[in-house]
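Participant: Quick one, structure29.cif (mmCIF, C-alpha atoms and all ligand atoms):
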data_work
loop_
_atom_site.label_atom_id
_atom_site.label_comp_id
_atom_site.auth_asym_id
_atom_site.auth_seq_id
_atom_site.Cartn_x
_atom_site.Cartn_y
_atom_site.Cartn_z
CA MET A 680 -3.67 13.24 -13.93
CA LEU A 681 -4.85 9.87 -12.64
CA ALA A 682 -2.33 7.24 -11.55
CA ILE A 683 -5.00 4.66 -10.77
CA GLU A 684 -8.56 4.31 -12.03
CA THR A 685 -10.95 1.42 -11.59
CA LYS A 686 -14.56 0.93 -12.63
CA GLY A 687 -16.68 -1.81 -11.13
CA LEU A 688 -13.59 -3.79 -10.13
CA THR A 689 -14.68 -7.13 -8.71
CA LYS A 690 -12.95 -10.26 -7.41
CA GLN A 691 -14.74 -13.42 -6.50
CA PHE A 692 -13.10 -16.39 -4.80
CA GLY A 693 -15.54 -19.24 -5.42
CA ASN A 694 -18.81 -17.70 -4.34
CA LEU A 695 -17.20 -15.15 -1.97
CA LEU A 696 -17.16 -11.54 -3.20
CA ALA A 697 -13.84 -10.28 -1.81
CA VAL A 698 -13.95 -7.01 -3.81
CA ASN A 699 -17.32 -5.81 -5.00
CA LYS A 700 -17.67 -3.30 -7.87
CA VAL A 701 -15.08 -0.82 -6.66
CA ASP A 702 -14.74 2.55 -8.44
CA LEU A 703 -11.50 4.23 -7.49
CA GLN A 704 -9.60 7.28 -8.70
CA ILE A 705 -6.17 8.15 -7.34
CA HIS A 706 -4.32 11.20 -8.61
CA LYS A 707 -0.62 11.23 -9.40
CA GLY A 708 1.47 12.36 -6.43
CA HIS A 709 -1.30 11.66 -3.93
CA ILE A 710 -1.03 9.42 -0.88
CA TYR A 711 -4.11 7.20 -0.84
CA GLY A 712 -4.81 5.31 2.35
CA PHE A 713 -6.81 2.08 2.28
CA LEU A 714 -8.44 1.45 5.61
CA GLY A 715 -10.64 -1.39 6.73
CA PRO A 716 -10.79 -4.30 9.13
CA ASN A 717 -9.03 -7.61 8.48
CA GLY A 718 -10.54 -9.53 5.59
CA SER A 719 -12.26 -6.48 4.08
CA GLY A 720 -10.56 -6.80 0.70
CA LYS A 721 -7.56 -4.42 0.87
CA SER A 722 -4.91 -6.95 -0.13
CA THR A 723 -7.11 -8.41 -2.88
CA MET A 724 -7.60 -4.91 -4.28
CA ILE A 725 -3.85 -4.25 -4.13
CA ARG A 726 -3.00 -7.55 -5.79
CA MET A 727 -5.33 -6.73 -8.70
CA LEU A 728 -3.84 -3.22 -9.05
CA CYS A 729 -0.29 -4.63 -9.07
CA GLY A 730 -1.22 -6.96 -11.92
CA VAL A 731 -0.69 -10.19 -9.99
CA LEU A 732 -4.34 -11.20 -9.61
CA LYS A 733 -6.87 -11.18 -12.45
CA PRO A 734 -10.16 -9.48 -11.64
CA THR A 735 -13.37 -11.44 -12.11
CA SER A 736 -14.99 -8.41 -13.74
CA GLY A 737 -14.63 -4.65 -14.06
CA GLU A 738 -11.86 -2.47 -15.41
CA GLY A 739 -8.72 -0.85 -14.14
CA THR A 740 -5.73 1.15 -15.31
CA VAL A 741 -2.55 1.75 -13.34
CA LEU A 742 -0.08 4.32 -14.69
CA THR A 743 -2.10 4.22 -17.95
CA HIS A 744 -1.70 0.43 -18.30
CA ASP A 745 -4.64 -1.97 -18.32
CA ILE A 746 -4.47 -4.28 -15.30
CA LYS A 747 -5.83 -7.23 -17.29
CA THR A 748 -3.80 -6.97 -20.49
CA GLU A 749 -0.62 -5.13 -19.45
CA PRO A 750 0.33 -6.44 -15.99
CA GLU A 751 4.03 -6.73 -16.93
CA HIS A 752 4.25 -3.00 -17.72
CA ILE A 753 2.67 -2.21 -14.38
CA LYS A 754 5.04 -4.45 -12.41
CA GLN A 755 8.05 -2.60 -13.85
CA LYS A 756 6.74 0.77 -12.70
CA ILE A 757 5.73 -0.03 -9.15
CA GLY A 758 7.64 -0.45 -5.92
CA TYR A 759 6.06 -2.85 -3.44
CA MET A 760 6.68 -3.29 0.24
CA SER A 761 4.70 -5.33 2.72
CA GLN A 762 4.89 -5.82 6.46
CA LYS A 763 6.94 -8.93 5.79
CA PHE A 764 10.03 -7.10 4.55
CA SER A 765 11.77 -9.21 1.92
CA LEU A 766 15.31 -8.67 3.19
CA TYR A 767 18.26 -11.01 3.29
CA GLU A 768 18.96 -11.22 7.00
CA GLU A 769 22.52 -12.53 6.63
CA LEU A 770 23.51 -9.68 4.33
CA THR A 771 24.45 -6.16 5.42
CA MET A 772 22.37 -3.14 4.49
CA LYS A 773 24.74 -2.31 1.64
CA GLU A 774 24.72 -5.90 0.38
CA ASN A 775 20.92 -5.94 0.40
CA LEU A 776 20.89 -2.73 -1.64
CA ASP A 777 23.48 -4.15 -4.06
CA PHE A 778 21.47 -7.35 -4.42
CA TYR A 779 18.20 -5.58 -5.23
CA ALA A 780 19.98 -3.12 -7.55
CA GLY A 781 21.23 -6.18 -9.46
CA VAL A 782 17.72 -7.64 -9.61
CA TYR A 783 16.54 -4.40 -11.22
CA GLY A 784 19.42 -4.48 -13.70
CA LEU A 785 21.35 -1.55 -12.20
CA THR A 786 25.10 -1.83 -12.47
CA GLY A 787 28.28 0.23 -12.06
CA LYS A 788 28.01 3.99 -11.79
CA GLU A 789 24.26 4.01 -12.30
CA SER A 790 23.75 1.62 -9.38
CA LYS A 791 26.13 3.61 -7.15
CA ALA A 792 24.47 6.95 -7.96
CA ARG A 793 20.95 5.63 -7.39
CA GLN A 794 21.92 3.96 -4.11
CA GLU A 795 23.54 7.19 -2.86
CA GLU A 796 20.40 9.14 -3.76
CA ILE A 797 18.22 6.72 -1.80
CA ILE A 798 20.58 6.41 1.15
CA SER A 799 20.46 10.17 1.54
CA LEU A 800 16.64 10.24 1.26
CA THR A 801 16.02 7.43 3.74
CA GLY A 802 18.93 8.26 6.07
CA LEU A 803 20.62 4.86 5.97
CA SER A 804 24.25 6.01 6.04
CA GLY A 805 26.10 5.05 9.19
CA ARG A 806 24.62 1.57 9.35
CA LEU A 807 25.39 0.34 5.87
CA ASN A 808 27.78 -2.35 7.07
CA GLN A 809 25.40 -3.72 9.70
CA ARG A 810 23.76 -7.07 9.06
CA ALA A 811 20.02 -6.87 8.42
CA SER A 812 19.40 -9.50 11.13
CA SER A 813 20.75 -7.12 13.79
CA LEU A 814 18.63 -4.13 12.76
CA SER A 815 15.55 -2.96 14.67
CA GLY A 816 12.13 -3.09 12.98
CA GLY A 817 12.30 0.60 12.09
CA TRP A 818 15.67 0.30 10.32
CA LYS A 819 14.59 -2.87 8.52
CA GLN A 820 11.52 -1.04 7.32
CA ARG A 821 13.58 1.86 5.96
CA LEU A 822 15.96 -0.56 4.26
CA ALA A 823 13.04 -2.43 2.68
CA LEU A 824 11.60 0.87 1.47
CA SER A 825 15.00 1.81 0.02
CA CYS A 826 15.16 -1.48 -1.89
CA ALA A 827 11.65 -0.89 -3.25
CA LEU A 828 12.72 2.53 -4.58
CA LEU A 829 15.87 1.49 -6.45
CA HIS A 830 14.24 1.24 -9.89
CA LYS A 831 12.57 4.69 -9.57
CA PRO A 832 8.98 3.44 -9.36
CA GLU A 833 6.18 5.85 -10.26
CA LEU A 834 3.82 4.15 -7.83
CA LEU A 835 4.71 2.89 -4.38
CA VAL A 836 2.44 0.24 -2.89
CA LEU A 837 2.78 -0.23 0.85
CA ASP A 838 0.80 -3.00 2.53
CA GLU A 839 0.77 -2.29 6.28
CA PRO A 840 4.37 -1.01 6.11
CA THR A 841 4.56 0.17 9.70
CA ALA A 842 2.92 -2.77 11.50
CA GLY A 843 4.92 -3.48 14.66
CA VAL A 844 7.28 -0.51 14.28
CA ASP A 845 7.89 2.03 17.06
CA PRO A 846 6.26 5.51 16.92
CA VAL A 847 9.49 7.43 16.19
CA SER A 848 10.36 5.14 13.28
CA ARG A 849 6.79 5.43 12.00
CA ARG A 850 7.08 9.21 12.01
CA ILE A 851 10.40 9.15 10.12
CA PHE A 852 8.90 6.69 7.65
CA TRP A 853 5.96 8.99 6.97
CA GLU A 854 8.25 11.99 6.52
CA ILE A 855 10.01 10.03 3.77
CA ILE A 856 6.68 9.02 2.19
CA THR A 857 5.54 12.65 2.19
CA GLU A 858 8.79 13.72 0.47
CA LEU A 859 8.33 11.04 -2.18
CA ALA A 860 4.76 12.19 -2.88
CA LYS A 861 5.98 15.79 -3.21
CA ALA A 862 8.41 14.52 -5.85
CA GLY A 863 5.43 13.16 -7.82
CA ILE A 864 5.41 9.51 -6.72
CA THR A 865 1.93 8.16 -6.08
CA VAL A 866 1.56 6.16 -2.86
CA LEU A 867 -1.07 3.55 -2.09
CA VAL A 868 -0.86 2.46 1.52
CA THR A 869 -2.90 0.22 3.79
CA THR A 870 -2.84 0.92 7.48
CA HIS A 871 -4.71 0.27 10.69
CA TYR A 872 -3.25 3.40 12.33
CA MET A 873 -5.56 6.40 12.24
CA ASP A 874 -2.74 8.90 12.84
CA GLU A 875 -1.27 7.63 9.57
CA ALA A 876 -4.66 7.90 7.84
CA GLU A 877 -4.65 11.60 8.80
CA LEU A 878 -1.41 12.06 6.82
CA CYS A 879 -2.93 10.72 3.58
CA THR A 880 -4.15 13.05 0.85
CA GLU A 881 -7.22 10.88 0.55
CA ILE A 882 -8.55 7.79 2.27
CA GLY A 883 -11.00 5.07 1.37
CA PHE A 884 -12.68 2.92 3.96
CA ILE A 885 -13.31 -0.55 2.56
CA PHE A 886 -15.58 -3.04 4.24
CA TYR A 887 -16.76 -6.42 2.97
CA GLY A 888 -15.24 -5.57 -0.40
CA THR A 889 -17.05 -2.25 -0.84
CA ILE A 890 -15.67 1.28 -0.39
CA LEU A 891 -18.11 2.79 2.08
CA ILE A 892 -16.65 6.29 2.28
CA SER A 893 -13.78 8.12 0.66
CA GLY A 894 -12.36 11.62 0.52
CA THR A 895 -9.82 13.78 2.30
CA PRO A 896 -9.55 13.10 6.05
CA HIS A 897 -10.79 16.64 6.70
CA LYS A 898 -13.85 16.26 4.42
CA ILE A 899 -14.78 12.89 5.90
CA LYS A 900 -14.53 14.15 9.49
CA THR A 901 -16.54 17.27 8.70
CA GLU A 902 -19.28 15.38 6.85
CA HIS A 903 -19.64 12.82 9.61
CA ASN A 904 -19.22 15.34 12.38
CA VAL A 905 -16.40 13.55 14.22
CA HIS A 906 -13.07 14.76 15.64
CA HIS A 907 -11.23 11.48 15.16
CA LEU A 908 -11.35 9.03 12.27
CA ASP A 909 -11.25 6.00 14.54
CA ASP A 910 -14.56 7.04 16.18
CA LEU A 911 -16.16 7.10 12.75
CA PHE A 912 -14.72 3.79 11.63
CA ILE A 913 -15.74 1.95 14.78
CA LYS A 914 -19.26 3.33 14.31
CA LEU A 915 -19.31 2.30 10.65
CA VAL A 916 -18.19 -1.24 11.37
CA LYS A 917 -20.84 -1.63 14.09
CA GLU A 918 -23.59 -0.24 11.82
CA GLN A 919 -22.60 -2.48 8.95
CA GLN A 920 -22.46 -5.55 11.15
CA GLU A 921 -25.86 -4.82 12.65
CA ASN A 922 -27.62 -3.87 9.41
CA SER A 923 -26.03 -6.17 6.93
CA LEU A 924 -27.81 -9.00 5.31
CA HIS A 925 -24.45 -10.57 4.67
CA SER A 926 -24.03 -14.11 5.76
CA GLY A 927 -21.37 -14.24 8.45
CA GLY A 928 -20.28 -10.73 7.47
CA LEU A 929 -19.10 -11.66 3.99
CA THR A 930 -20.97 -11.30 0.74
CA TYR A 931 -21.63 -14.49 -1.17
CA VAL A 932 -23.14 -14.77 -4.61
N1 LIG A 1001 -6.77 -16.70 -2.65
C1 LIG A 1001 -7.91 -16.64 -1.94
N2 LIG A 1001 -8.80 -17.63 -1.96
C2 LIG A 1001 -9.95 -17.57 -1.29
N3 LIG A 1001 -10.32 -16.52 -0.50
C3 LIG A 1001 -9.46 -15.50 -0.42
C4 LIG A 1001 -8.21 -15.49 -1.11
N4 LIG A 1001 -7.58 -14.31 -0.84
C5 LIG A 1001 -8.39 -13.63 -0.01
N5 LIG A 1001 -9.52 -14.33 0.25
C6 LIG A 1001 -10.64 -13.89 1.08
O1 LIG A 1001 -11.09 -12.63 0.58
C7 LIG A 1001 -11.48 -11.77 1.65
C8 LIG A 1001 -10.66 -10.48 1.59
O2 LIG A 1001 -9.31 -10.79 1.94
P1 LIG A 1001 -8.13 -9.72 1.89
O3 LIG A 1001 -6.88 -10.45 2.20
O4 LIG A 1001 -8.20 -8.97 0.62
O5 LIG A 1001 -8.51 -8.74 3.09
P2 LIG A 1001 -7.64 -7.62 3.81
O6 LIG A 1001 -8.53 -6.45 3.99
O7 LIG A 1001 -6.39 -7.40 3.05
O8 LIG A 1001 -7.30 -8.27 5.21
P3 LIG A 1001 -5.99 -8.12 6.16
O9 LIG A 1001 -6.07 -6.77 6.77
O10 LIG A 1001 -6.18 -9.22 7.13
O11 LIG A 1001 -4.78 -8.30 5.27
C9 LIG A 1001 -11.25 -12.57 2.94
O12 LIG A 1001 -12.49 -13.16 3.30
C10 LIG A 1001 -10.25 -13.63 2.52
O13 LIG A 1001 -10.37 -14.80 3.31
#
Take the structure from the file and write it as structure tokens.

Facilitator:
Amino acid sequence: MLAIETKGLTKQFGNLLAVNKVDLQIHKGHIYGFLGPNGSGKSTMIRMLCGVLKPTSGEGTVLTHDIKTEPEHIKQKIGYMSQKFSLYEELTMKENLDFYAGVYGLTGKESKARQEEIISLTGLSGRLNQRASSLSGGWKQRLALSCALLHKPELLVLDEPTAGVDPVSRRIFWEIITELAKAGITVLVTTHYMDEAELCTEIGFIFYGTILISGTPHKIKTEHNVHHLDDLFIKLVKEQQENSLHSGGLTYV
């Protein structure tokens, strides 16, 4: 079953083509990694899929809802986390969880039960009374993820979630993500780390608004005869820059 499907999805800002006729299929319970250099269109793609940015043309469904006509349904079913964690620094971990539970309309026993479930999944117990401002990047990241999971989203959208976080915390984070996917949650993640790309079920390499290659990490490496994904991506970027007829690297219409 598909969690996300797009056909010819396009976004133009003025005469700049930020996303150019993207066809995408992401299966339920898969971890899909969006890779690509800065400015390649990852965030624009994500914003359209989350229902916050209207496409210029093309189609898309997320969790069976049309991205153009049913954005409110989509927003209720997704959990979103970006590198700029939206935490309240002056509040403790527990108070942040309580606050976000309230935002999602969870109260009383239901809120308590859901928070306990998440605290056990993300391993937050022990620090619940610590202020967010005093937490390291890794703990903040896990707290932000916990907040994004409170309303039981079917799709988790993570925009560079591990930027600036230490390797041990990144590993723990990915163990949690893998558990969530096993439980049937679909994950769409952008990352610049190739070790994280290797952990995705499927990856798509987007450049100048176009998906150049996609598939499982194993399939992509085999087809392109490389041992490491970063070798391939550096080669692709160089080739595209040398061959492209794009003006200044971006496509204008
Ligand atoms: N609201 C906007 N108005 C005009 N141009 C925009 C807007 N949002 C994005 N762009 C442009 O669209 C292109 C794609 O940007 P986007 O943010 O999607 O890339 P990205 O791959 O997410 O980059 P990064 O890794 O830096 O977040 C860039 O050239 C960017 O400057």

Participant: I need the residue nearest Phe764 in chain A from this list: A:Glu751, A:Asp777, A:Glu789, A:Glu839. Use only C-alpha atoms for the distance.

Facilitator: A:Glu839

Participant: Residues at most 9 Å from ligand LIG 1001 (chain A), using only C-alpha atoms and all ligand atoms? Could they come as a PyMOL selection string?

Facilitator: chain A and resi 690-693+695-698+713-726+838-839+869-871+885-888+929

Participant: Using all atoms listed in the file, which residues sit within 7 Å of Met873 in chain A once same-chain residues fewer than 2 positions away are excluded, as a list in words?

Facilitator: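 Near neighbours after the sequence-gap exclusion: His871, Glu875, Ala876, Glu877, Leu908 and Asp909 of chain A.
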
Participant: Within 12 Å of (-0.8, 3.3, -8.6), in the coordinates the file gives, what residues turn up when you count all atoms listed in the file, written out as a PyMOL selection string?

Facilitator: chain A and resi 680-685+703-712+724-730+739-746+753-759+832-837+860+863-868

Participant: What gap, in Å, lies between CA of Ile798 in chain A and CA of Val731 in chain A?

Facilitator: 29.2 Å

Participant: Please indicate the distance in Å from CA of Asp702 in chain A to CA of Leu688 in chain A, rounded to one decimal place.

Facilitator: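 Here the two named atoms are 6.7 Å from each other.
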
Participant: Would you work out the distance separating CA of Gly737 in chain A from CA of Lys686 in chain A, expressed in Å to one decimal?

Facilitator: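 Rounded to one decimal, the two atoms are 5.8 Å apart.
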
Participant: Please work out which residues fall within 10 Å of (10.6, 7.0, 6.9), coordinates as given in the file, with only C-alpha atoms counting, and return them as a ChimeraX atom specification.

Facilitator: /A:800-802,817-818,820-822,824-825,841,847-858

Participant: In terms of the shortest atom-to-atom distance over only C-alpha atoms, which of A:Gln762, A:Asn808, A:Thr748, A:Ser736 is closest to Asn699 in chain A?

Facilitator: A:Ser736
